[in-house]
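What follows is a single structure, written as structure tokens, with notes after it.
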Amino acid sequence: RKVQVDVAVQMSAEETARRRLVLGLYGDEAPTATSAFSQLAAGQLEAPCATDGSEGELFQRGALTKKSVGRACLAEEAKPVSYSGSQVWRIVKGKRVDFGQVQGKFAQRVPPISPPSEARGLQHDASGLLSVPKSGGAFDFTVTLGPVPELDDTNKVIGRVLEGMDTLEFLADVPVVSFSGQGEGMATSRQKQCFYGSSDTYCSQLKPIKKILIQTSLVEVP
């Protein structure tokens, strides 16, 4: 099974660069994780809204705002979650590009989980590998820019780039926010959703300076 991902990079107010990735999924090694990924790419993943209080750290925006976000989520809970319109939220030069920061009405949905034992024998030992958190629990996905052995502790490999390595190289060159002493920032995009007006630079560490959106995504079944 293949997944096609079209990205749009806002180079300036007048110019948008469009690029494509085609990802092959390891369905035999990671059936649960690849199924969830395919559903997200196809815009067909059903995910409930977080119950009140379970996402307290995620939505640190004041009680009234949290209630408003919760009501908005429940109003559209029947609509499946999709990667279309999500963002590339972190680029770690020479290591990884992190995709899948869902926006707006999807931001308070509960991501699916998957068995951490899936794809146990696969390692982050090359560029172009598709990776997700071992147990799920996040919509984010990563594509490696080279060997990243430290990801073996937290993530699992569920596929690889079949076409579009030039797209990865292009994204790797996009400038990012960088604050001294802040490392690689938060572990997932959901942790980066700090309260409005936060002065915590950790929240935006390695965020692309240019807006990068997944414009469309679709699943190709051979």
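To be explicit about the labels: the chains of the structure tokens are called A, B, and onward in the order shown, and within each one the residues are counted from 1, while ligands get numbers from 1 in the order they are shown.
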
Item to complete: Can you pull out every residue within 12 Å of range 72-82 of chain A, counting only C-alpha atoms, but drop anything in the same chain fewer than 4 positions away, and send it as a VMD selection string?
Response: chain A and resid 5 36 to 52 65 to 68 86 to 87 100 to 112 139 to 140 214 to 219

Fill in: strand (DSSP E) positions in range 69-181 of chain A, given as a list in words
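DSSP-assigned strand (DSSP E) residues in range 69-181 of chain A: Arg90, Ile91, Val92, Arg96, Val97, Asp98, Phe99, Leu129, Leu130, Ser131, Val132, Pro133, Phe141, Thr142, Val143, Thr144, Asn155, Lys156, Val157, Ile158, Gly159, Arg160, Val161, Leu162 and Glu163 of chain A.
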
Discussion item. Taking 6 positions as the minimum chain separation for residues in the same chain, which residues sit within 7 Å of Lys210 in chain A when counting only C-alpha atoms? Answer as a list in words.
Written reply: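 The residues that qualify are Val9, Gln10 and Met11 of chain A.
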
Item to complete: Within 8 Å of Asp98 in chain A, counting only C-alpha atoms, which residues show up once you throw out same-chain ones fewer than 2 positions away? Write them as a PyMOL selection string, please.
Response: chain A and resi 88-91+96+100+140-143

Worksheet item: Interatomic distance between CA of Met165 in chain A and CA of Gly146 in chain A?
Response: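 It comes out at 11.4 Å.
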
Worksheet item: Can you list every residue in range 4-222 of chain A that DSSP puts in alpha helix (DSSP H), as JSON, numbers by chain?
Response: {"A": [31, 32, 33, 34, 35, 36, 37, 38, 39, 40, 41, 42, 63, 64, 65, 66, 67, 68, 69, 70, 71, 72, 73, 74, 75, 165, 166, 167, 168, 169, 170, 171, 172]}

Practice prompt. Have a look at A:Val22, A:Ala17, A:Thr34, A:Ser135 and name the one nearest to Ser114 in chain A; count only C-alpha atoms.
Written response: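 Smallest separation from Ser114 in chain A among the options: A:Ser135.
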
Worksheet item: Which of these residues is nearest to Lys211 in chain A, using only C-alpha atoms: A:Thr167, A:Val174, A:Gly159, A:Ala138?
Response: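 Smallest separation from Lys211 in chain A among the options: A:Val174.
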